[in-house]
file coords38.cif (mmCIF, C-alpha atoms)
data_query
loop_
_atom_site.label_atom_id
_atom_site.label_comp_id
_atom_site.auth_asym_id
_atom_site.auth_seq_id
_atom_site.Cartn_x
_atom_site.Cartn_y
_atom_site.Cartn_z
CA MET A 1 154.53 74.51 35.90
CA LEU A 2 155.07 70.90 34.92
CA SER A 3 155.55 68.35 37.67
CA ASP A 4 158.65 66.18 37.89
CA GLU A 5 156.58 63.21 36.71
CA GLN A 6 155.35 65.13 33.66
CA LEU A 7 158.89 66.22 32.82
CA MET A 8 160.13 62.64 33.19
CA SER A 9 157.38 61.44 30.89
CA ARG A 10 158.44 63.98 28.27
CA ALA A 11 162.11 63.17 28.74
CA ALA A 12 161.26 59.51 28.17
CA GLU A 13 159.92 60.52 24.77
CA GLY A 14 163.16 62.26 23.91
CA ASP A 15 162.33 65.80 25.02
CA MET A 16 165.76 67.06 26.03
CA ASP A 17 164.37 70.43 27.16
CA ALA A 18 162.28 68.55 29.71
CA PHE A 19 165.36 66.60 30.79
CA GLU A 20 167.39 69.77 31.20
CA ARG A 21 164.55 71.25 33.23
CA ILE A 22 164.68 68.23 35.57
CA VAL A 23 168.41 68.72 35.99
CA GLU A 24 168.07 72.44 36.69
CA ARG A 25 165.37 71.79 39.24
CA HIS A 26 167.31 69.14 41.16
CA GLN A 27 170.99 69.79 40.46
CA GLN A 28 171.66 71.57 43.76
CA ARG A 29 170.14 68.73 45.70
CA ALA A 30 172.08 66.03 43.85
CA LEU A 31 175.38 67.92 44.10
CA ASN A 32 174.94 68.66 47.80
CA ILE A 33 174.22 65.07 48.76
CA ALA A 34 177.15 63.77 46.77
CA PHE A 35 179.46 66.53 48.04
CA ARG A 36 178.53 66.05 51.67
CA PHE A 37 178.99 62.32 51.38
CA LEU A 38 182.16 62.25 49.27
CA GLY A 39 183.77 65.44 50.54
CA ARG A 40 185.12 66.56 47.15
CA ASP A 41 183.37 68.79 44.67
CA ASP A 42 184.94 67.17 41.59
CA ARG A 43 183.72 63.72 42.62
CA ALA A 44 180.36 65.12 43.59
CA GLU A 45 180.01 66.69 40.14
CA ASP A 46 180.84 63.35 38.48
CA VAL A 47 178.32 61.48 40.61
CA ALA A 48 175.58 64.05 40.12
CA GLN A 49 176.06 64.08 36.36
CA GLU A 50 176.11 60.29 36.23
CA ALA A 51 172.93 60.17 38.32
CA PHE A 52 171.04 62.38 35.88
CA LEU A 53 172.31 60.42 32.87
CA LYS A 54 171.20 57.17 34.50
CA ILE A 55 167.82 58.68 35.28
CA LEU A 56 167.42 59.75 31.66
CA ASP A 57 168.40 56.28 30.41
CA ASN A 58 165.80 54.75 32.70
CA ALA A 59 163.12 57.37 31.95
CA PRO A 60 161.07 55.02 29.72
CA ASN A 61 160.84 52.60 32.66
CA TYR A 62 160.26 55.18 35.37
CA ARG A 63 157.10 54.66 37.41
CA PRO A 64 156.28 57.39 39.95
CA SER A 65 155.61 55.06 42.87
CA ALA A 66 157.26 57.65 45.14
CA LYS A 67 158.27 61.30 44.92
CA PHE A 68 160.82 61.98 42.21
CA THR A 69 163.19 63.36 44.84
CA THR A 70 163.12 60.03 46.68
CA TYR A 71 164.08 58.33 43.43
CA LEU A 72 166.84 60.88 42.80
CA TYR A 73 168.23 60.47 46.32
CA THR A 74 168.25 56.70 45.88
CA VAL A 75 170.14 56.85 42.57
CA VAL A 76 172.69 59.31 44.02
CA TRP A 77 173.07 57.18 47.13
CA ARG A 78 173.72 54.06 45.05
CA LEU A 79 176.36 55.86 43.00
CA CYS A 80 177.99 57.30 46.13
CA ILE A 81 178.23 53.87 47.71
CA ASP A 82 179.84 52.56 44.50
CA ARG A 83 182.50 55.25 44.83
CA TYR A 84 182.96 54.49 48.50
CA ARG A 85 183.45 50.80 47.82
CA ARG A 86 186.09 51.56 45.22
CA ARG A 87 188.01 53.04 48.15
CA GLU A 88 189.16 56.10 46.31
CA PRO A 89 191.76 57.50 48.72
CA ASP A 90 190.28 60.95 49.12
CA VAL A 91 186.98 59.54 50.30
CA LEU A 92 188.59 58.03 53.37
CA ASP A 93 191.50 60.31 54.07
CA ALA A 94 191.25 63.67 55.72
CA HIS A 95 190.91 65.49 52.47
CA PRO A 96 192.90 68.60 51.69
CA ASP A 97 191.48 71.91 52.77
CA ARG A 98 189.81 73.18 49.66
CA PRO A 99 187.89 76.35 50.18
CA SER A 100 184.30 75.72 49.28
CA ASP A 101 182.66 78.12 46.87
CA ALA A 102 179.80 78.26 49.34
CA GLU A 103 181.93 80.20 51.80
CA GLY A 104 181.98 83.95 51.68
CA PRO A 105 185.13 85.75 50.72
CA VAL A 106 186.29 85.99 54.32
CA GLU A 107 186.54 82.90 56.44
CA THR A 108 188.38 83.00 59.70
CA ALA A 109 191.04 80.47 60.47
CA LEU A 110 188.89 79.16 63.30
CA GLU A 111 185.92 78.63 61.00
CA ALA A 112 188.09 76.83 58.47
CA GLU A 113 189.55 74.64 61.21
CA GLU A 114 186.10 73.79 62.54
CA ARG A 115 184.87 72.98 59.04
CA ALA A 116 187.83 70.68 58.44
CA ARG A 117 187.33 69.01 61.81
CA VAL A 118 183.65 68.29 61.20
CA ARG A 119 184.44 67.14 57.66
CA ARG A 120 187.04 64.68 58.94
CA ALA A 121 184.64 63.37 61.57
CA LEU A 122 181.99 62.84 58.89
CA ASP A 123 184.49 61.14 56.58
CA GLY A 124 185.32 58.73 59.40
CA LEU A 125 181.81 57.33 59.48
CA PRO A 126 180.90 54.09 57.74
CA ALA A 127 178.98 54.68 54.52
CA ARG A 128 175.47 53.96 55.75
CA GLN A 129 175.84 56.08 58.85
CA ARG A 130 177.32 58.88 56.77
CA MET A 131 174.50 58.85 54.26
CA ALA A 132 171.89 58.73 57.04
CA VAL A 133 173.50 61.84 58.54
CA VAL A 134 173.59 63.60 55.15
CA LEU A 135 169.94 62.83 54.45
CA LYS A 136 168.80 63.81 57.94
CA TYR A 137 170.87 66.85 58.78
CA PHE A 138 171.32 68.39 55.37
CA GLU A 139 168.34 67.23 53.35
CA GLU A 140 166.07 67.15 56.42
CA LEU A 141 164.31 64.00 55.39
CA SER A 142 162.11 62.17 57.88
CA TYR A 143 163.12 58.75 59.16
CA ARG A 144 160.44 57.31 56.92
CA GLU A 145 161.85 58.99 53.82
CA ILE A 146 165.40 58.01 54.70
CA ALA A 147 164.25 54.43 55.21
CA ARG A 148 162.74 54.46 51.74
CA VAL A 149 165.90 55.85 50.12
CA MET A 150 168.21 53.48 51.96
CA ASP A 151 165.85 50.51 51.75
CA CYS A 152 165.75 49.81 55.46
CA THR A 153 163.34 50.22 58.38
CA GLU A 154 162.76 53.40 60.36
CA ASN A 155 164.22 51.67 63.40
CA ALA A 156 167.36 50.98 61.38
CA VAL A 157 167.56 54.68 60.47
CA ASP A 158 167.21 55.61 64.14
CA SER A 159 169.98 53.17 64.98
CA LEU A 160 172.25 54.45 62.20
CA LEU A 161 171.82 58.03 63.35
CA SER A 162 172.36 57.17 67.02
CA ARG A 163 175.59 55.37 66.23
CA ALA A 164 176.67 58.13 63.88
CA ARG A 165 176.09 60.80 66.51
CA ARG A 166 178.11 58.86 69.10
CA ALA A 167 180.96 58.39 66.64
CA LEU A 168 180.87 62.05 65.56
CA ARG A 169 180.90 63.29 69.15
CA ASP A 170 183.86 61.04 69.98
CA ALA A 171 185.76 62.12 66.87
CA LEU A 172 185.12 65.80 67.51
CA GLN A 173 186.10 65.55 71.17
CA GLU A 174 189.30 63.77 70.22
CA ALA A 175 190.13 66.45 67.68
CA GLU A 176 189.65 69.30 70.12
CA MET B 1 158.64 60.09 81.99
CA ASN B 2 161.82 59.00 83.72
CA CYS B 3 165.33 59.94 82.63
CA LYS B 4 166.03 56.61 81.01
CA THR B 5 162.93 56.87 78.82
CA VAL B 6 163.59 60.49 77.95
CA GLN B 7 167.22 59.90 77.03
CA SER B 8 166.17 57.07 74.75
CA LYS B 9 163.91 59.52 72.94
CA LEU B 10 166.26 62.49 72.76
CA SER B 11 167.69 61.61 69.35
CA ALA B 12 164.25 61.23 67.84
CA HIS B 13 163.17 64.43 69.57
CA THR B 14 166.16 66.31 68.12
CA ASP B 15 165.19 64.96 64.72
CA GLY B 16 161.57 66.04 65.06
CA GLU B 17 160.35 62.45 64.91
CA LEU B 18 158.21 62.35 68.03
CA SER B 19 154.47 62.91 68.06
CA ARG B 20 153.32 66.24 69.40
CA SER B 21 152.18 64.77 72.70
CA GLU B 22 155.35 62.78 73.19
CA ALA B 23 157.50 65.80 72.35
CA ALA B 24 155.58 67.84 74.90
CA ARG B 25 156.23 65.22 77.59
CA VAL B 26 159.94 65.18 76.76
CA GLU B 27 160.10 68.98 76.85
CA ALA B 28 158.34 69.02 80.21
CA HIS B 29 160.92 66.60 81.59
CA LEU B 30 163.82 68.62 80.18
CA GLU B 31 162.59 71.73 81.95
CA GLY B 32 163.04 70.03 85.28
CA CYS B 33 166.07 67.78 84.67
CA THR B 34 169.56 69.24 84.23
CA GLU B 35 171.19 65.98 83.23
CA CYS B 36 168.74 65.27 80.42
CA ALA B 37 168.73 68.91 79.38
CA ASP B 38 172.54 68.78 79.09
CA ALA B 39 172.33 65.61 76.99
CA TYR B 40 169.78 67.28 74.74
CA GLY B 41 171.97 70.36 74.52
CA ARG B 42 174.91 68.24 73.34
CA LEU B 43 172.75 66.70 70.63
CA ARG B 44 171.58 70.12 69.49
CA ASP B 45 175.16 71.37 69.48
CA LEU B 46 176.22 68.47 67.28
CA SER B 47 173.32 69.16 64.91
CA ASP B 48 174.34 72.81 64.68
CA ARG B 49 177.96 71.94 63.97
CA LEU B 50 176.98 69.50 61.24
CA ARG B 51 174.53 71.90 59.62
CA ALA B 52 177.24 74.57 59.49
CA LEU B 53 179.14 72.43 56.99
CA PRO B 54 178.68 74.15 53.65
CA GLY B 55 177.25 72.54 50.58
CA MET B 56 178.48 72.94 47.08
CA GLU B 57 177.67 75.64 44.60
CA VAL B 58 176.28 74.50 41.31
CA PRO B 59 179.05 74.80 38.72
CA PRO B 60 178.12 77.30 36.01
CA GLY B 61 176.45 75.57 33.08
CA PHE B 62 176.05 72.25 34.92
CA ALA B 63 172.60 71.45 33.54
CA ALA B 64 173.67 72.34 29.99
CA ASP B 65 176.77 70.16 30.37
CA VAL B 66 174.67 67.22 31.55
CA ARG B 67 172.33 67.68 28.63
CA ARG B 68 175.26 67.86 26.23
CA ALA B 69 176.71 64.66 27.69
CA ALA B 70 173.34 62.92 27.30
CA GLU B 71 173.07 64.03 23.69
CA GLU B 72 176.62 62.91 22.97
CA ASN B 73 175.89 59.52 24.52
CA ARG B 74 172.90 59.14 22.25
CA ARG B 75 174.85 60.15 19.17
CA ALA B 76 177.77 57.87 20.03
CA ALA B 77 175.62 54.86 20.80
CA PRO B 78 172.13 55.33 19.34
CA GLY B 79 171.28 51.78 20.30
CA ARG B 80 173.01 48.89 21.86
CA THR B 81 173.41 46.74 18.78
CA LEU B 82 173.14 43.06 19.32
CA ARG B 83 175.49 40.75 17.56
CA LEU B 84 174.19 37.40 16.49
CA PHE B 85 176.46 34.94 14.71
CA GLY B 86 179.01 37.72 14.43
CA ARG B 87 176.71 40.01 12.44
CA ARG B 88 174.97 43.18 13.60
CA VAL B 89 171.29 42.56 14.18
CA ASP B 90 170.26 45.75 12.46
CA ALA B 91 171.81 44.40 9.26
CA LEU B 92 169.46 41.43 9.45
CA ARG B 93 166.58 43.40 10.86
CA PRO B 94 163.72 42.60 8.54
CA VAL B 95 163.73 38.84 9.06
CA LEU B 96 165.87 38.05 12.07
CA ALA B 97 164.49 40.74 14.34
CA ARG B 98 160.92 39.49 13.93
CA ALA B 99 161.89 35.86 14.35
CA ALA B 100 163.96 36.62 17.42
CA ALA B 101 161.25 38.89 18.81
CA GLY B 102 158.71 36.11 18.45
CA LEU B 103 160.91 33.68 20.33
CA LEU B 104 161.69 36.22 23.00
CA ALA B 105 158.02 37.14 23.26
CA VAL B 106 157.11 33.56 24.14
CA ALA B 107 159.86 33.38 26.74
CA GLY B 108 159.01 36.82 28.02
CA LEU B 109 155.32 36.00 28.31
CA ALA B 110 156.08 32.94 30.40
CA LEU B 111 158.40 34.93 32.63
CA GLY B 112 156.03 37.86 32.83
CA LEU B 113 153.12 35.65 33.86
CA ALA B 114 155.25 34.05 36.54
CA LEU B 115 156.40 37.40 37.91
CA GLY B 116 153.10 39.15 37.45
CA ARG B 117 151.33 36.99 39.99
CA SER B 118 152.61 39.16 42.83
CA ALA B 119 150.33 42.07 43.71
CA ALA B 120 151.22 45.37 42.11
CA ARG B 121 149.59 48.76 42.17
CA PRO B 122 148.41 50.08 38.82
CA GLY B 123 151.27 51.67 36.98
CA GLU B 124 153.85 49.94 39.15
CA MET B 125 155.91 46.97 38.09
CA PRO B 126 155.30 43.94 40.32
CA GLY B 127 157.19 44.11 43.62
CA GLU B 128 159.19 47.12 42.48
CA SER B 129 160.36 49.46 45.19
CA VAL B 130 161.99 52.86 44.68
CA ARG B 131 165.28 51.18 45.43
CA GLN B 132 164.67 48.53 42.77
CA GLN B 133 163.93 51.22 40.21
CA ALA B 134 167.04 53.10 41.24
CA ASP B 135 169.15 49.96 41.14
CA TYR B 136 167.80 49.28 37.69
CA ALA B 137 168.64 52.82 36.57
CA VAL B 138 172.15 52.59 37.97
CA GLU B 139 172.80 49.21 36.38
CA LEU B 140 171.03 49.91 33.11
CA GLU B 141 173.54 49.92 30.32
CA TYR B 142 172.84 47.42 27.64
CA LEU B 143 169.21 48.03 27.03
CA SER B 144 169.19 51.82 26.88
CA ALA B 145 168.23 53.82 23.80
CA SER B 146 167.45 50.91 21.52
CA PRO B 147 167.33 51.72 17.83
CA PRO B 148 163.92 51.57 16.16
CA GLY B 149 163.09 48.13 14.86
CA SER B 150 165.81 46.43 16.90
CA VAL B 151 165.22 43.18 18.74
CA THR B 152 165.81 45.02 21.98
CA GLU B 153 163.25 47.69 21.23
CA THR B 154 160.66 45.11 20.18
CA TYR B 155 161.21 43.07 23.33
CA LEU B 156 161.07 46.11 25.59
CA ALA B 157 157.90 47.30 23.89
CA PHE B 158 156.38 43.88 24.46
CA LEU B 159 157.34 43.97 28.14
CA GLY B 160 155.81 47.40 28.45
CA GLU B 161 152.51 46.20 27.02
CA ALA B 162 152.48 43.05 29.16
CA ASN B 163 152.89 45.18 32.27
CA GLY B 164 150.17 47.61 31.32
CA GLY B 165 152.70 50.34 30.48
#

call {"tool": "encode", "arguments": {"input": "coords38.cif", "output": "structure tokens"}}
result
Amino acid sequence: MLSDEQLMSRAAEGDMDAFERIVERHQQRALNIAFRFLGRDDRAEDVAQEAFLKILDNAPNYRPSAKFTTYLYTVVWRLCIDRYRRREPDVLDAHPDRPSDAEGPVETALEAEERARVRRALDGLPARQRMAVVLKYFEELSYREIARVMDCTENAVDSLLSRARRALRDALQEAE
Amino acid sequence: MNCKTVQSKLSAHTDGELSRSEAARVEAHLEGCTECADAYGRLRDLSDRLRALPGMEVPPGFAADVRRAAEENRRAAPGRTLRLFGRRVDALRPVLARAAAGLLAVAGLALGLALGRSAARPGEMPGESVRQQADYAVELEYLSASPPGSVTETYLAFLGEANGG
């Protein structure tokens, strides 16, 4: 099985099969990060697609100084923050309850309410805290890896997560 | 460890960031301290609630759609064509491209020498972090997919050679 770096090298030479293989291998990851940050699957799909297109455009210049996933996370993060800064209304508002495809066919009203509550609390976080939470709790990156993606120190990651947890607890208590 | 020290480490402990020995000391304290154990419990509860938030299913055909979009982009804009004096560079390619490439090469060499003085690992552009590469990818528009023989392609090829690429 070819490594990500080998596939990127081939994609840089115009091998679209290699590019598609990269997308297949990492699409779930890219979509999940974007979805958990932005809260909408249509926006997440746009961001994830744009991330892969940008990565392909930059393939000739790609140097594997870190894991490919770190690079992918960083590109997705940069695109997410662009969306956030554009202040698209649904990013900030309590977004409408859209049943996620990830749910099973039966979801109790309580589960849906809890999901919406947690989602709103997450949406209320500033961008950097929100992304730190996404990378830690959902992607299970270490502080070191998060620091690399977000271009900050490990202490800064610790601080972001501490503040995020306080804000999330307050928001969830208020909502209950 | 006292409560103040333990509570300052609870977040990192929840996140699995403590060393084995430090984690063991925190756990030992938690066994005997209700207040700290409650605080830790609240952190774990929050983690559980967050992790219960579902992700997104991959839309059917996503990878194929991305590939198709990439191929369409390449067909629609096979190279970013420069315009000089109102004329497309590829129309003047044989003479103008080489003259312009020569001029750019001199400027690029000077710039490359100035930048290249900073230490860089083999295969890595000087001072380039993952974030810099990602920023470059996100901002990269004009110089992507240059047509063969274009000024852009020649200049990029030169840069690649100068940096050992």

call {"tool": "resolve_selection", "arguments": {"input": "coords38.cif", "expression": "the PyMOL selection byres ((chain B and resi 43-52) around 8)", "output": "PyMOL selection string"}}
result
(chain A and resi 115+118+137-138+165+169) or (chain B and resi 11+14+39-42+53-54)

call {"tool": "atom_distance", "arguments": {"input": "coords38.cif", "atom1": "atom CA of Leu125 of chain A", "atom2": "atom CA of Ala164 of chain A"}}
result
6.8 Å

call {"tool": "resolve_selection", "arguments": {"input": "coords38.cif", "expression": "the PyMOL selection byres ((chain A and resi 132) around 8)", "output": "PDB file with C-alpha atoms, keeping the file's coordinate frame"}}
result
ATOM      1  CA  ARG A 128     175.470  53.960  55.750  1.00  0.00           C
ATOM      2  CA  GLN A 129     175.840  56.080  58.850  1.00  0.00           C
ATOM      3  CA  ARG A 130     177.320  58.880  56.770  1.00  0.00           C
ATOM      4  CA  MET A 131     174.500  58.850  54.260  1.00  0.00           C
ATOM      5  CA  VAL A 133     173.500  61.840  58.540  1.00  0.00           C
ATOM      6  CA  VAL A 134     173.590  63.600  55.150  1.00  0.00           C
ATOM      7  CA  LEU A 135     169.940  62.830  54.450  1.00  0.00           C
ATOM      8  CA  LYS A 136     168.800  63.810  57.940  1.00  0.00           C
ATOM      9  CA  ILE A 146     165.400  58.010  54.700  1.00  0.00           C
ATOM     10  CA  VAL A 157     167.560  54.680  60.470  1.00  0.00           C
ATOM     11  CA  LEU A 160     172.250  54.450  62.200  1.00  0.00           C
ATOM     12  CA  LEU A 161     171.820  58.030  63.350  1.00  0.00           C
TER      13      LEU A 161
END

call {"tool": "resolve_selection", "arguments": {"input": "coords38.cif", "expression": "the PyMOL selection byres ((chain A) within 7 of (chain B))", "output": "number ranges by chain"}}
result
A: 20, 23-24, 28, 31-32, 35-36, 41, 49, 53-55, 57-58, 63, 65-66, 71, 74-75, 100-102, 115, 118, 137-138, 149, 151, 162

call {"tool": "atom_distance", "arguments": {"input": "coords38.cif", "atom1": "atom CA of Asn155 of chain A", "atom2": "atom CA of Glu31 of chain B"}}
result
27.4 Å

call {"tool": "atom_distance", "arguments": {"input": "coords38.cif", "atom1": "atom CA of Leu30 of chain B", "atom2": "atom CA of Arg163 of chain A"}}
result
22.6 Å

call {"tool": "residues_near_point", "arguments": {"input": "coords38.cif", "point": "(160.1, 65.3, 36.7)", "cutoff": "12 Å", "atoms": "all atoms listed in the file", "output": "JSON, numbers by chain"}}
result
{"A": [1, 2, 3, 4, 5, 6, 7, 8, 9, 10, 11, 12, 15, 17, 18, 19, 20, 21, 22, 23, 24, 25, 26, 52, 55, 56, 59, 62, 63, 64, 66, 67, 68, 69, 70, 71, 72]}
